[in-house]
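Below is model35.cif, holding mmCIF, N, CA and C atoms and all ligand atoms.
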```
data_query
loop_
_atom_site.label_atom_id
_atom_site.label_comp_id
_atom_site.auth_asym_id
_atom_site.auth_seq_id
_atom_site.Cartn_x
_atom_site.Cartn_y
_atom_site.Cartn_z
N MET R 929 3.68 -4.94 27.36
CA MET R 929 3.04 -5.50 26.15
C MET R 929 3.80 -5.02 24.90
N ILE R 930 4.09 -5.94 24.06
CA ILE R 930 4.71 -5.59 22.78
C ILE R 930 3.63 -5.75 21.70
N SER R 931 3.33 -4.66 21.02
CA SER R 931 2.35 -4.80 19.93
C SER R 931 3.13 -5.01 18.64
N LYS R 932 2.83 -6.09 18.00
CA LYS R 932 3.54 -6.46 16.78
C LYS R 932 3.02 -5.61 15.63
N GLN R 933 3.94 -4.99 14.90
CA GLN R 933 3.55 -4.22 13.72
C GLN R 933 3.08 -5.18 12.64
N PRO R 934 1.97 -4.85 11.98
CA PRO R 934 1.55 -5.73 10.89
C PRO R 934 2.61 -5.75 9.78
N HIS R 935 2.87 -6.91 9.25
CA HIS R 935 3.84 -7.06 8.17
C HIS R 935 3.10 -6.88 6.85
N VAL R 936 3.34 -5.73 6.23
CA VAL R 936 2.60 -5.38 5.02
C VAL R 936 3.57 -5.09 3.88
N VAL R 937 3.28 -5.62 2.71
CA VAL R 937 4.10 -5.32 1.54
C VAL R 937 3.20 -4.94 0.37
N ILE R 938 3.81 -4.32 -0.61
CA ILE R 938 3.09 -3.96 -1.83
C ILE R 938 3.68 -4.75 -3.00
N VAL R 939 2.79 -5.41 -3.75
CA VAL R 939 3.18 -6.16 -4.92
C VAL R 939 2.63 -5.43 -6.15
N THR R 940 3.48 -5.27 -7.14
CA THR R 940 3.06 -4.60 -8.37
C THR R 940 2.42 -5.60 -9.33
N ALA R 941 1.23 -5.28 -9.79
CA ALA R 941 0.52 -6.16 -10.73
C ALA R 941 0.10 -5.35 -11.95
N ARG R 942 -0.33 -6.06 -12.98
CA ARG R 942 -0.77 -5.39 -14.20
C ARG R 942 -2.13 -5.95 -14.61
N CYS R 943 -2.99 -5.07 -15.07
CA CYS R 943 -4.32 -5.49 -15.51
C CYS R 943 -4.21 -6.18 -16.88
N ARG R 944 -4.88 -7.34 -17.02
CA ARG R 944 -4.82 -8.06 -18.29
C ARG R 944 -5.62 -7.34 -19.37
N VAL R 945 -6.60 -6.55 -18.97
CA VAL R 945 -7.48 -5.90 -19.93
C VAL R 945 -6.88 -4.58 -20.42
N THR R 946 -6.45 -3.74 -19.48
CA THR R 946 -5.94 -2.41 -19.86
C THR R 946 -4.41 -2.37 -19.90
N ARG R 947 -3.75 -3.41 -19.37
CA ARG R 947 -2.29 -3.49 -19.29
C ARG R 947 -1.69 -2.41 -18.39
N GLN R 948 -2.51 -1.78 -17.58
CA GLN R 948 -1.99 -0.74 -16.69
C GLN R 948 -1.61 -1.32 -15.34
N LEU R 949 -0.74 -0.61 -14.64
CA LEU R 949 -0.21 -1.08 -13.36
C LEU R 949 -1.19 -0.86 -12.21
N PHE R 950 -1.17 -1.79 -11.28
CA PHE R 950 -1.82 -1.52 -10.01
C PHE R 950 -1.02 -2.15 -8.88
N GLY R 951 -1.25 -1.64 -7.69
CA GLY R 951 -0.54 -2.13 -6.52
C GLY R 951 -1.45 -3.02 -5.70
N LEU R 952 -0.87 -4.05 -5.13
CA LEU R 952 -1.61 -4.97 -4.27
C LEU R 952 -1.02 -4.87 -2.88
N ARG R 953 -1.88 -4.69 -1.90
CA ARG R 953 -1.41 -4.65 -0.53
C ARG R 953 -1.61 -6.04 0.08
N PHE R 954 -0.50 -6.66 0.46
CA PHE R 954 -0.54 -7.98 1.10
C PHE R 954 -0.17 -7.84 2.57
N GLU R 955 -0.95 -8.47 3.42
CA GLU R 955 -0.63 -8.48 4.84
C GLU R 955 -0.37 -9.92 5.27
N GLU R 956 0.68 -10.07 6.09
CA GLU R 956 1.00 -11.41 6.59
C GLU R 956 0.14 -11.65 7.84
N VAL R 957 -0.93 -12.41 7.67
CA VAL R 957 -1.89 -12.60 8.76
C VAL R 957 -1.43 -13.67 9.74
N GLN R 958 -0.64 -14.62 9.23
CA GLN R 958 0.03 -15.60 10.08
C GLN R 958 1.40 -15.78 9.45
N ALA R 959 2.33 -16.38 10.18
CA ALA R 959 3.66 -16.60 9.61
C ALA R 959 3.52 -17.37 8.29
N GLY R 960 4.00 -16.77 7.21
CA GLY R 960 3.97 -17.44 5.92
C GLY R 960 2.62 -17.47 5.25
N ARG R 961 1.66 -16.76 5.77
CA ARG R 961 0.34 -16.69 5.12
C ARG R 961 0.01 -15.24 4.78
N TRP R 962 -0.02 -14.98 3.47
CA TRP R 962 -0.21 -13.61 2.98
C TRP R 962 -1.59 -13.46 2.37
N VAL R 963 -2.25 -12.37 2.74
CA VAL R 963 -3.60 -12.12 2.23
C VAL R 963 -3.65 -10.73 1.61
N ALA R 964 -4.17 -10.67 0.39
CA ALA R 964 -4.34 -9.37 -0.28
C ALA R 964 -5.67 -8.78 0.16
N ASP R 965 -5.61 -7.54 0.66
CA ASP R 965 -6.85 -6.92 1.10
C ASP R 965 -7.12 -5.58 0.42
N TRP R 966 -6.24 -5.16 -0.50
CA TRP R 966 -6.46 -3.88 -1.15
C TRP R 966 -5.75 -3.86 -2.49
N ALA R 967 -6.33 -3.17 -3.45
CA ALA R 967 -5.70 -2.97 -4.76
C ALA R 967 -5.93 -1.52 -5.16
N PHE R 968 -4.91 -0.89 -5.71
CA PHE R 968 -5.01 0.53 -6.03
C PHE R 968 -4.25 0.85 -7.31
N VAL R 969 -4.72 1.89 -8.01
CA VAL R 969 -4.09 2.33 -9.25
C VAL R 969 -2.67 2.79 -8.95
N LEU R 970 -1.74 2.35 -9.77
CA LEU R 970 -0.33 2.67 -9.56
C LEU R 970 0.22 3.34 -10.81
N ASN R 971 0.97 4.40 -10.57
CA ASN R 971 1.60 5.14 -11.64
C ASN R 971 2.96 4.49 -11.95
N GLU R 972 3.26 4.27 -13.22
CA GLU R 972 4.50 3.56 -13.60
C GLU R 972 5.75 4.22 -13.00
N THR R 973 5.80 5.54 -13.04
CA THR R 973 6.97 6.27 -12.54
C THR R 973 7.12 6.11 -11.04
N VAL R 974 6.00 6.24 -10.31
CA VAL R 974 6.03 6.10 -8.86
C VAL R 974 6.48 4.69 -8.49
N SER R 975 5.95 3.71 -9.19
CA SER R 975 6.27 2.31 -8.92
C SER R 975 7.77 2.07 -9.01
N ARG R 976 8.39 2.63 -10.02
CA ARG R 976 9.83 2.44 -10.21
C ARG R 976 10.62 3.13 -9.09
N ARG R 977 10.17 4.34 -8.74
CA ARG R 977 10.87 5.10 -7.72
C ARG R 977 10.77 4.44 -6.34
N GLU R 978 9.60 3.90 -6.02
CA GLU R 978 9.39 3.31 -4.71
C GLU R 978 10.04 1.94 -4.59
N GLY R 979 10.43 1.35 -5.71
CA GLY R 979 11.08 0.05 -5.68
C GLY R 979 10.19 -1.04 -5.10
N TYR R 980 9.02 -1.19 -5.72
CA TYR R 980 8.05 -2.17 -5.23
C TYR R 980 8.42 -3.63 -5.53
N ASP R 981 9.61 -3.88 -6.03
CA ASP R 981 9.95 -5.28 -6.34
C ASP R 981 11.32 -5.63 -5.77
N ARG R 982 11.64 -5.08 -4.63
CA ARG R 982 12.96 -5.28 -4.05
C ARG R 982 13.13 -6.60 -3.31
N THR R 983 12.05 -7.11 -2.72
CA THR R 983 12.17 -8.32 -1.93
C THR R 983 11.23 -9.39 -2.47
N THR R 984 11.43 -10.61 -2.02
CA THR R 984 10.55 -11.71 -2.41
C THR R 984 9.88 -12.24 -1.15
N ILE R 985 8.57 -12.37 -1.20
CA ILE R 985 7.86 -12.97 -0.08
C ILE R 985 7.43 -14.38 -0.48
N THR R 986 7.50 -15.30 0.47
CA THR R 986 7.13 -16.68 0.17
C THR R 986 6.09 -17.17 1.17
N GLY R 987 5.40 -18.22 0.80
CA GLY R 987 4.41 -18.81 1.69
C GLY R 987 3.14 -19.12 0.93
N GLN R 988 2.03 -18.99 1.64
CA GLN R 988 0.72 -19.21 1.03
C GLN R 988 0.10 -17.86 0.75
N PHE R 989 -0.59 -17.77 -0.38
CA PHE R 989 -1.21 -16.51 -0.76
C PHE R 989 -2.71 -16.66 -0.94
N GLY R 990 -3.42 -15.69 -0.43
CA GLY R 990 -4.87 -15.72 -0.55
C GLY R 990 -5.41 -14.32 -0.71
N LEU R 991 -6.72 -14.25 -0.90
CA LEU R 991 -7.39 -12.97 -1.03
C LEU R 991 -8.33 -12.80 0.15
N ASP R 992 -8.31 -11.62 0.73
CA ASP R 992 -9.21 -11.30 1.82
C ASP R 992 -10.63 -11.12 1.26
N ALA R 993 -11.62 -11.34 2.10
CA ALA R 993 -13.01 -11.14 1.68
C ALA R 993 -13.23 -9.69 1.25
N ALA R 994 -12.42 -8.78 1.79
CA ALA R 994 -12.56 -7.36 1.48
C ALA R 994 -11.81 -6.95 0.22
N TYR R 995 -11.09 -7.88 -0.41
CA TYR R 995 -10.32 -7.52 -1.60
C TYR R 995 -11.26 -6.95 -2.67
N PRO R 996 -11.00 -5.73 -3.13
CA PRO R 996 -11.96 -5.07 -4.02
C PRO R 996 -11.89 -5.49 -5.49
N GLY R 997 -10.87 -6.25 -5.86
CA GLY R 997 -10.72 -6.62 -7.27
C GLY R 997 -9.82 -5.64 -7.99
N CYS R 998 -9.51 -5.96 -9.24
CA CYS R 998 -8.66 -5.10 -10.06
C CYS R 998 -9.28 -3.70 -10.17
N PRO R 999 -8.49 -2.64 -9.93
CA PRO R 999 -9.06 -1.28 -9.99
C PRO R 999 -9.47 -0.86 -11.40
N TYR R 1000 -9.06 -1.60 -12.43
CA TYR R 1000 -9.41 -1.23 -13.80
C TYR R 1000 -10.61 -2.04 -14.32
N CYS R 1001 -10.53 -3.38 -14.20
CA CYS R 1001 -11.58 -4.20 -14.82
C CYS R 1001 -12.41 -4.95 -13.80
N GLY R 1002 -12.03 -4.88 -12.52
CA GLY R 1002 -12.85 -5.51 -11.48
C GLY R 1002 -12.63 -6.99 -11.29
N ALA R 1003 -11.69 -7.59 -12.03
CA ALA R 1003 -11.42 -9.03 -11.88
C ALA R 1003 -11.04 -9.33 -10.43
N THR R 1004 -11.61 -10.40 -9.88
CA THR R 1004 -11.50 -10.62 -8.44
C THR R 1004 -10.37 -11.55 -8.03
N SER R 1005 -9.60 -12.06 -9.00
CA SER R 1005 -8.51 -12.94 -8.60
C SER R 1005 -7.21 -12.51 -9.28
N LEU R 1006 -6.15 -13.26 -9.00
CA LEU R 1006 -4.82 -12.91 -9.49
C LEU R 1006 -4.15 -14.14 -10.07
N VAL R 1007 -3.23 -13.91 -10.98
CA VAL R 1007 -2.45 -15.00 -11.53
C VAL R 1007 -1.01 -14.55 -11.69
N LYS R 1008 -0.09 -15.49 -11.46
CA LYS R 1008 1.32 -15.17 -11.61
C LYS R 1008 1.87 -15.94 -12.80
N CYS R 1009 2.56 -15.23 -13.66
CA CYS R 1009 3.13 -15.81 -14.88
C CYS R 1009 4.48 -16.44 -14.56
N GLY R 1010 4.97 -17.26 -15.47
CA GLY R 1010 6.30 -17.84 -15.34
C GLY R 1010 7.39 -16.79 -15.29
N CYS R 1011 7.10 -15.57 -15.79
CA CYS R 1011 8.08 -14.48 -15.76
C CYS R 1011 8.17 -13.87 -14.37
N GLY R 1012 7.30 -14.32 -13.44
CA GLY R 1012 7.37 -13.85 -12.06
C GLY R 1012 6.46 -12.68 -11.76
N LYS R 1013 5.75 -12.20 -12.78
CA LYS R 1013 4.90 -11.03 -12.59
C LYS R 1013 3.44 -11.44 -12.39
N VAL R 1014 2.72 -10.54 -11.72
CA VAL R 1014 1.33 -10.83 -11.35
C VAL R 1014 0.39 -9.99 -12.20
N SER R 1015 -0.74 -10.59 -12.57
CA SER R 1015 -1.78 -9.82 -13.24
C SER R 1015 -3.14 -10.22 -12.68
N CYS R 1016 -4.15 -9.39 -13.00
CA CYS R 1016 -5.49 -9.71 -12.53
C CYS R 1016 -6.04 -10.89 -13.32
N TRP R 1017 -7.00 -11.59 -12.73
CA TRP R 1017 -7.60 -12.75 -13.39
C TRP R 1017 -9.07 -12.83 -13.02
N ASP R 1018 -9.92 -13.05 -14.02
CA ASP R 1018 -11.37 -13.06 -13.77
C ASP R 1018 -11.90 -14.43 -13.35
N GLN R 1019 -11.01 -15.39 -13.19
CA GLN R 1019 -11.36 -16.77 -12.78
C GLN R 1019 -12.17 -17.51 -13.84
N GLN R 1020 -12.23 -16.98 -15.07
CA GLN R 1020 -12.99 -17.62 -16.14
C GLN R 1020 -12.05 -18.30 -17.13
N ASP R 1021 -11.15 -17.54 -17.70
CA ASP R 1021 -10.26 -18.06 -18.73
C ASP R 1021 -9.24 -19.01 -18.12
N ARG R 1022 -9.12 -20.21 -18.69
CA ARG R 1022 -8.11 -21.14 -18.21
C ARG R 1022 -6.77 -20.88 -18.89
N THR R 1023 -6.82 -20.23 -20.04
CA THR R 1023 -5.58 -19.87 -20.73
C THR R 1023 -5.52 -18.35 -20.81
N VAL R 1024 -4.43 -17.79 -20.30
CA VAL R 1024 -4.34 -16.34 -20.25
C VAL R 1024 -3.04 -15.84 -20.88
N THR R 1025 -3.07 -14.62 -21.36
CA THR R 1025 -1.87 -13.98 -21.89
C THR R 1025 -1.36 -13.00 -20.84
N CYS R 1026 -0.08 -13.12 -20.52
CA CYS R 1026 0.53 -12.27 -19.50
C CYS R 1026 0.70 -10.85 -20.06
N PRO R 1027 0.17 -9.83 -19.37
CA PRO R 1027 0.33 -8.45 -19.86
C PRO R 1027 1.74 -7.91 -19.68
N TRP R 1028 2.60 -8.64 -18.98
CA TRP R 1028 3.99 -8.19 -18.76
C TRP R 1028 4.89 -8.67 -19.89
N CYS R 1029 4.84 -9.98 -20.19
CA CYS R 1029 5.81 -10.53 -21.14
C CYS R 1029 5.15 -11.04 -22.42
N GLY R 1030 3.80 -11.10 -22.44
CA GLY R 1030 3.10 -11.53 -23.64
C GLY R 1030 2.99 -13.03 -23.82
N ASP R 1031 3.52 -13.80 -22.89
CA ASP R 1031 3.43 -15.26 -22.97
C ASP R 1031 2.02 -15.73 -22.70
N ARG R 1032 1.63 -16.79 -23.41
CA ARG R 1032 0.33 -17.39 -23.16
C ARG R 1032 0.52 -18.66 -22.36
N GLY R 1033 -0.30 -18.85 -21.36
CA GLY R 1033 -0.13 -20.05 -20.55
C GLY R 1033 -1.42 -20.46 -19.89
N GLU R 1034 -1.40 -21.71 -19.40
CA GLU R 1034 -2.57 -22.25 -18.74
C GLU R 1034 -2.49 -21.97 -17.24
N ILE R 1035 -3.64 -21.73 -16.64
CA ILE R 1035 -3.68 -21.49 -15.20
C ILE R 1035 -3.54 -22.82 -14.47
N ARG R 1036 -2.55 -22.94 -13.61
CA ARG R 1036 -2.42 -24.14 -12.78
C ARG R 1036 -1.57 -23.84 -11.56
N GLY R 1037 -1.75 -24.66 -10.55
CA GLY R 1037 -0.95 -24.51 -9.34
C GLY R 1037 -1.36 -23.31 -8.51
N THR R 1038 -0.53 -23.03 -7.52
CA THR R 1038 -0.79 -21.90 -6.65
C THR R 1038 0.44 -21.01 -6.62
N ILE R 1039 0.23 -19.78 -6.20
CA ILE R 1039 1.34 -18.84 -6.08
C ILE R 1039 2.15 -19.18 -4.82
N GLU R 1040 3.45 -19.32 -4.98
CA GLU R 1040 4.29 -19.66 -3.82
C GLU R 1040 5.24 -18.54 -3.41
N SER R 1041 5.50 -17.62 -4.32
CA SER R 1041 6.35 -16.49 -3.96
C SER R 1041 6.01 -15.30 -4.82
N LEU R 1042 6.25 -14.11 -4.30
CA LEU R 1042 5.97 -12.87 -5.04
C LEU R 1042 7.09 -11.87 -4.75
N ASP R 1043 7.38 -11.05 -5.74
CA ASP R 1043 8.33 -9.96 -5.52
C ASP R 1043 7.55 -8.80 -4.92
N ALA R 1044 8.09 -8.24 -3.86
CA ALA R 1044 7.34 -7.20 -3.14
C ALA R 1044 8.25 -6.10 -2.66
N GLY R 1045 7.63 -5.02 -2.25
CA GLY R 1045 8.36 -3.92 -1.65
C GLY R 1045 7.65 -3.48 -0.38
N GLY R 1046 8.30 -2.61 0.38
CA GLY R 1046 7.70 -2.15 1.63
C GLY R 1046 6.56 -1.19 1.43
N ASP R 1047 5.67 -1.12 2.41
CA ASP R 1047 4.56 -0.18 2.38
C ASP R 1047 5.03 1.13 3.02
N ARG R 1048 4.59 2.27 2.46
CA ARG R 1048 4.96 3.54 3.08
C ARG R 1048 3.76 4.43 3.22
ZN ZN L 1 -7.82 -5.94 -14.53
ZN ZN L 2 4.77 -13.09 -18.04
#
```
Rewrite the structure from the file as structure tokens, please.
Amino acid sequence: MISKQPHVVIVTARCRVTRQLFGLRFEEVQAGRWVADWAFVLNETVSRREGYDRTTITGQFGLDAAYPGCPYCGATSLVKCGCGKVSCWDQQDRTVTCPWCGDRGEIRGTIESLDAGGDR
């Protein structure tokens, strides 16, 4: 029997309310289907050292029922800006300001790729 190791990556996100970093744990539950099941407070220095943005994952992205929400403001969803970075989203505002680049944009479409790093 070969037991397949779960394919897990960490994506760095930023809270729209506090602008602080957090990590998202994504697991590939099926080929090309990624589900976020955990979010945790991330230190800026650690994030840089661990290289959480070395690879790009593609496919479909979703949230697990167990996803706890943003560790700072509790927002239960995510949004990706045109700059490629992810932030938390409360599913209320249709127009959001990206905490990474400051751009304002409308929420539309789905996430198709994310920059990620390995889990350790
Ligand atoms: Zn937040
Ligand atoms: Zn942005």
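Based on only C-alpha atoms and all ligand atoms, the protein and nucleic acid residues found within 6 Å of ligand ZN 1 (chain L) are, by chain and then by number, Cys943, Arg944, Val945, Cys998, Tyr1000, Cys1001, Gly1002, Ala1003 and Cys1016 of chain R.
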N, CA and C atoms of the current selection, written as a compact mmCIF listing (two decimals), in the coordinates of the input:
```txt
# COMPACT_ATOMS: atom_id res chain seq x y z
N CYS R 943 -2.99 -5.07 -15.07
CA CYS R 943 -4.32 -5.49 -15.51
C CYS R 943 -4.21 -6.18 -16.88
N ARG R 944 -4.88 -7.34 -17.02
CA ARG R 944 -4.82 -8.06 -18.29
C ARG R 944 -5.62 -7.34 -19.37
N VAL R 945 -6.60 -6.55 -18.97
CA VAL R 945 -7.48 -5.90 -19.93
C VAL R 945 -6.88 -4.58 -20.42
N CYS R 998 -9.51 -5.96 -9.24
CA CYS R 998 -8.66 -5.10 -10.06
C CYS R 998 -9.28 -3.70 -10.17
N TYR R 1000 -9.06 -1.60 -12.43
CA TYR R 1000 -9.41 -1.23 -13.80
C TYR R 1000 -10.61 -2.04 -14.32
N CYS R 1001 -10.53 -3.38 -14.20
CA CYS R 1001 -11.58 -4.20 -14.82
C CYS R 1001 -12.41 -4.95 -13.80
N GLY R 1002 -12.03 -4.88 -12.52
CA GLY R 1002 -12.85 -5.51 -11.48
C GLY R 1002 -12.63 -6.99 -11.29
N ALA R 1003 -11.69 -7.59 -12.03
CA ALA R 1003 -11.42 -9.03 -11.88
C ALA R 1003 -11.04 -9.33 -10.43
N CYS R 1016 -4.15 -9.39 -13.00
CA CYS R 1016 -5.49 -9.71 -12.53
C CYS R 1016 -6.04 -10.89 -13.32
```
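Using only C-alpha atoms and all ligand atoms, we find that the residues with an atom at most 6 Å from any atom of ligand ZN 2 (chain L) are Cys1009, Gly1010, Cys1011, Lys1013, Cys1026, Trp1028, Cys1029 and Asp1031 of chain R.
With only C-alpha atoms as the basis for measurement, R:Val1007 is the residue among R:Val957, R:Leu991, R:Val1007, R:Leu970 that approaches R:Gly1037 most closely.
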Quiz item: Hey, what's within 7 Å of stretch 978-990 of chain R if we count only C-alpha atoms and toss same-chain stuff fewer than 4 positions away? As a PyMOL selection string, please?
Solution: chain R and resi 938-940+960-964+974+1039-1046
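Atom pair atom CA of R:Gln948 / atom CA of R:Arg977 has a distance of 16.7 Å (rounded to one decimal).
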Using DSSP on the backbone, list every residue of stretch 946-1039 of chain R that comes out as strand (DSSP E or B), and give them as a compact mmCIF listing (two decimals) with N, CA and C atoms, in the frame of the given file.
```
# COMPACT_ATOMS: atom_id res chain seq x y z
N LEU R 949 -0.74 -0.61 -14.64
CA LEU R 949 -0.21 -1.08 -13.36
C LEU R 949 -1.19 -0.86 -12.21
N PHE R 950 -1.17 -1.79 -11.28
CA PHE R 950 -1.82 -1.52 -10.01
C PHE R 950 -1.02 -2.15 -8.88
N GLY R 951 -1.25 -1.64 -7.69
CA GLY R 951 -0.54 -2.13 -6.52
C GLY R 951 -1.45 -3.02 -5.70
N LEU R 952 -0.87 -4.05 -5.13
CA LEU R 952 -1.61 -4.97 -4.27
C LEU R 952 -1.02 -4.87 -2.88
N ARG R 953 -1.88 -4.69 -1.90
CA ARG R 953 -1.41 -4.65 -0.53
C ARG R 953 -1.61 -6.04 0.08
N PHE R 954 -0.50 -6.66 0.46
CA PHE R 954 -0.54 -7.98 1.10
C PHE R 954 -0.17 -7.84 2.57
N GLU R 955 -0.95 -8.47 3.42
CA GLU R 955 -0.63 -8.48 4.84
C GLU R 955 -0.37 -9.92 5.27
N GLU R 956 0.68 -10.07 6.09
CA GLU R 956 1.00 -11.41 6.59
C GLU R 956 0.14 -11.65 7.84
N VAL R 957 -0.93 -12.41 7.67
CA VAL R 957 -1.89 -12.60 8.76
C VAL R 957 -1.43 -13.67 9.74
N GLN R 958 -0.64 -14.62 9.23
CA GLN R 958 0.03 -15.60 10.08
C GLN R 958 1.40 -15.78 9.45
N ARG R 961 1.66 -16.76 5.77
CA ARG R 961 0.34 -16.69 5.12
C ARG R 961 0.01 -15.24 4.78
N TRP R 962 -0.02 -14.98 3.47
CA TRP R 962 -0.21 -13.61 2.98
C TRP R 962 -1.59 -13.46 2.37
N VAL R 963 -2.25 -12.37 2.74
CA VAL R 963 -3.60 -12.12 2.23
C VAL R 963 -3.65 -10.73 1.61
N ALA R 964 -4.17 -10.67 0.39
CA ALA R 964 -4.34 -9.37 -0.28
C ALA R 964 -5.67 -8.78 0.16
N ASP R 965 -5.61 -7.54 0.66
CA ASP R 965 -6.85 -6.92 1.10
C ASP R 965 -7.12 -5.58 0.42
N TRP R 966 -6.24 -5.16 -0.50
CA TRP R 966 -6.46 -3.88 -1.15
C TRP R 966 -5.75 -3.86 -2.49
N ALA R 967 -6.33 -3.17 -3.45
CA ALA R 967 -5.70 -2.97 -4.76
C ALA R 967 -5.93 -1.52 -5.16
N PHE R 968 -4.91 -0.89 -5.71
CA PHE R 968 -5.01 0.53 -6.03
C PHE R 968 -4.25 0.85 -7.31
N VAL R 969 -4.72 1.89 -8.01
CA VAL R 969 -4.09 2.33 -9.25
C VAL R 969 -2.67 2.79 -8.95
N THR R 983 12.05 -7.11 -2.72
CA THR R 983 12.17 -8.32 -1.93
C THR R 983 11.23 -9.39 -2.47
N THR R 984 11.43 -10.61 -2.02
CA THR R 984 10.55 -11.71 -2.41
C THR R 984 9.88 -12.24 -1.15
N ILE R 985 8.57 -12.37 -1.20
CA ILE R 985 7.86 -12.97 -0.08
C ILE R 985 7.43 -14.38 -0.48
N THR R 986 7.50 -15.30 0.47
CA THR R 986 7.13 -16.68 0.17
C THR R 986 6.09 -17.17 1.17
N GLN R 988 2.03 -18.99 1.64
CA GLN R 988 0.72 -19.21 1.03
C GLN R 988 0.10 -17.86 0.75
N PHE R 989 -0.59 -17.77 -0.38
CA PHE R 989 -1.21 -16.51 -0.76
C PHE R 989 -2.71 -16.66 -0.94
N GLY R 990 -3.42 -15.69 -0.43
CA GLY R 990 -4.87 -15.72 -0.55
C GLY R 990 -5.41 -14.32 -0.71
N LEU R 991 -6.72 -14.25 -0.90
CA LEU R 991 -7.39 -12.97 -1.03
C LEU R 991 -8.33 -12.80 0.15
N SER R 1005 -9.60 -12.06 -9.00
CA SER R 1005 -8.51 -12.94 -8.60
C SER R 1005 -7.21 -12.51 -9.28
N LEU R 1006 -6.15 -13.26 -9.00
CA LEU R 1006 -4.82 -12.91 -9.49
C LEU R 1006 -4.15 -14.14 -10.07
N VAL R 1007 -3.23 -13.91 -10.98
CA VAL R 1007 -2.45 -15.00 -11.53
C VAL R 1007 -1.01 -14.55 -11.69
N LYS R 1008 -0.09 -15.49 -11.46
CA LYS R 1008 1.32 -15.17 -11.61
C LYS R 1008 1.87 -15.94 -12.80
N VAL R 1014 2.72 -10.54 -11.72
CA VAL R 1014 1.33 -10.83 -11.35
C VAL R 1014 0.39 -9.99 -12.20
N SER R 1015 -0.74 -10.59 -12.57
CA SER R 1015 -1.78 -9.82 -13.24
C SER R 1015 -3.14 -10.22 -12.68
N CYS R 1016 -4.15 -9.39 -13.00
CA CYS R 1016 -5.49 -9.71 -12.53
C CYS R 1016 -6.04 -10.89 -13.32
N TRP R 1017 -7.00 -11.59 -12.73
CA TRP R 1017 -7.60 -12.75 -13.39
C TRP R 1017 -9.07 -12.83 -13.02
N THR R 1023 -6.82 -20.23 -20.04
CA THR R 1023 -5.58 -19.87 -20.73
C THR R 1023 -5.52 -18.35 -20.81
N VAL R 1024 -4.43 -17.79 -20.30
CA VAL R 1024 -4.34 -16.34 -20.25
C VAL R 1024 -3.04 -15.84 -20.88
N THR R 1025 -3.07 -14.62 -21.36
CA THR R 1025 -1.87 -13.98 -21.89
C THR R 1025 -1.36 -13.00 -20.84
N ARG R 1032 1.63 -16.79 -23.41
CA ARG R 1032 0.33 -17.39 -23.16
C ARG R 1032 0.52 -18.66 -22.36
N GLY R 1033 -0.30 -18.85 -21.36
CA GLY R 1033 -0.13 -20.05 -20.55
C GLY R 1033 -1.42 -20.46 -19.89
N GLU R 1034 -1.40 -21.71 -19.40
CA GLU R 1034 -2.57 -22.25 -18.74
C GLU R 1034 -2.49 -21.97 -17.24
```
Write a file for stretch 974-990 of chain R, containing C-alpha atoms (output as a PDB file, in the first residue's frame).
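Once written, decode10.pdb looks like this:
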```pdb
ATOM      1  CA  VAL R 974       8.998  34.595   9.556  1.00  0.00           C
ATOM      2  CA  SER R 975       6.939  34.823   6.382  1.00  0.00           C
ATOM      3  CA  ARG R 976       9.863  36.246   4.443  1.00  0.00           C
ATOM      4  CA  ARG R 977      12.304  33.695   5.815  1.00  0.00           C
ATOM      5  CA  GLU R 978      10.078  30.702   5.082  1.00  0.00           C
ATOM      6  CA  GLY R 979       9.480  31.875   1.520  1.00  0.00           C
ATOM      7  CA  TYR R 980       5.736  31.391   1.515  1.00  0.00           C
ATOM      8  CA  ASP R 981       5.398  32.710  -2.042  1.00  0.00           C
ATOM      9  CA  ARG R 982       7.837  30.553  -3.966  1.00  0.00           C
ATOM     10  CA  THR R 983       5.410  28.529  -6.062  1.00  0.00           C
ATOM     11  CA  THR R 984       2.091  29.074  -7.788  1.00  0.00           C
ATOM     12  CA  ILE R 985      -0.805  26.688  -7.341  1.00  0.00           C
ATOM     13  CA  THR R 986      -3.600  26.569  -9.894  1.00  0.00           C
ATOM     14  CA  GLY R 987      -7.043  25.029 -10.077  1.00  0.00           C
ATOM     15  CA  GLN R 988     -10.249  25.547  -8.174  1.00  0.00           C
ATOM     16  CA  PHE R 989     -10.203  27.144  -4.749  1.00  0.00           C
ATOM     17  CA  GLY R 990     -12.676  26.753  -1.956  1.00  0.00           C
TER      18      GLY R 990
END
```
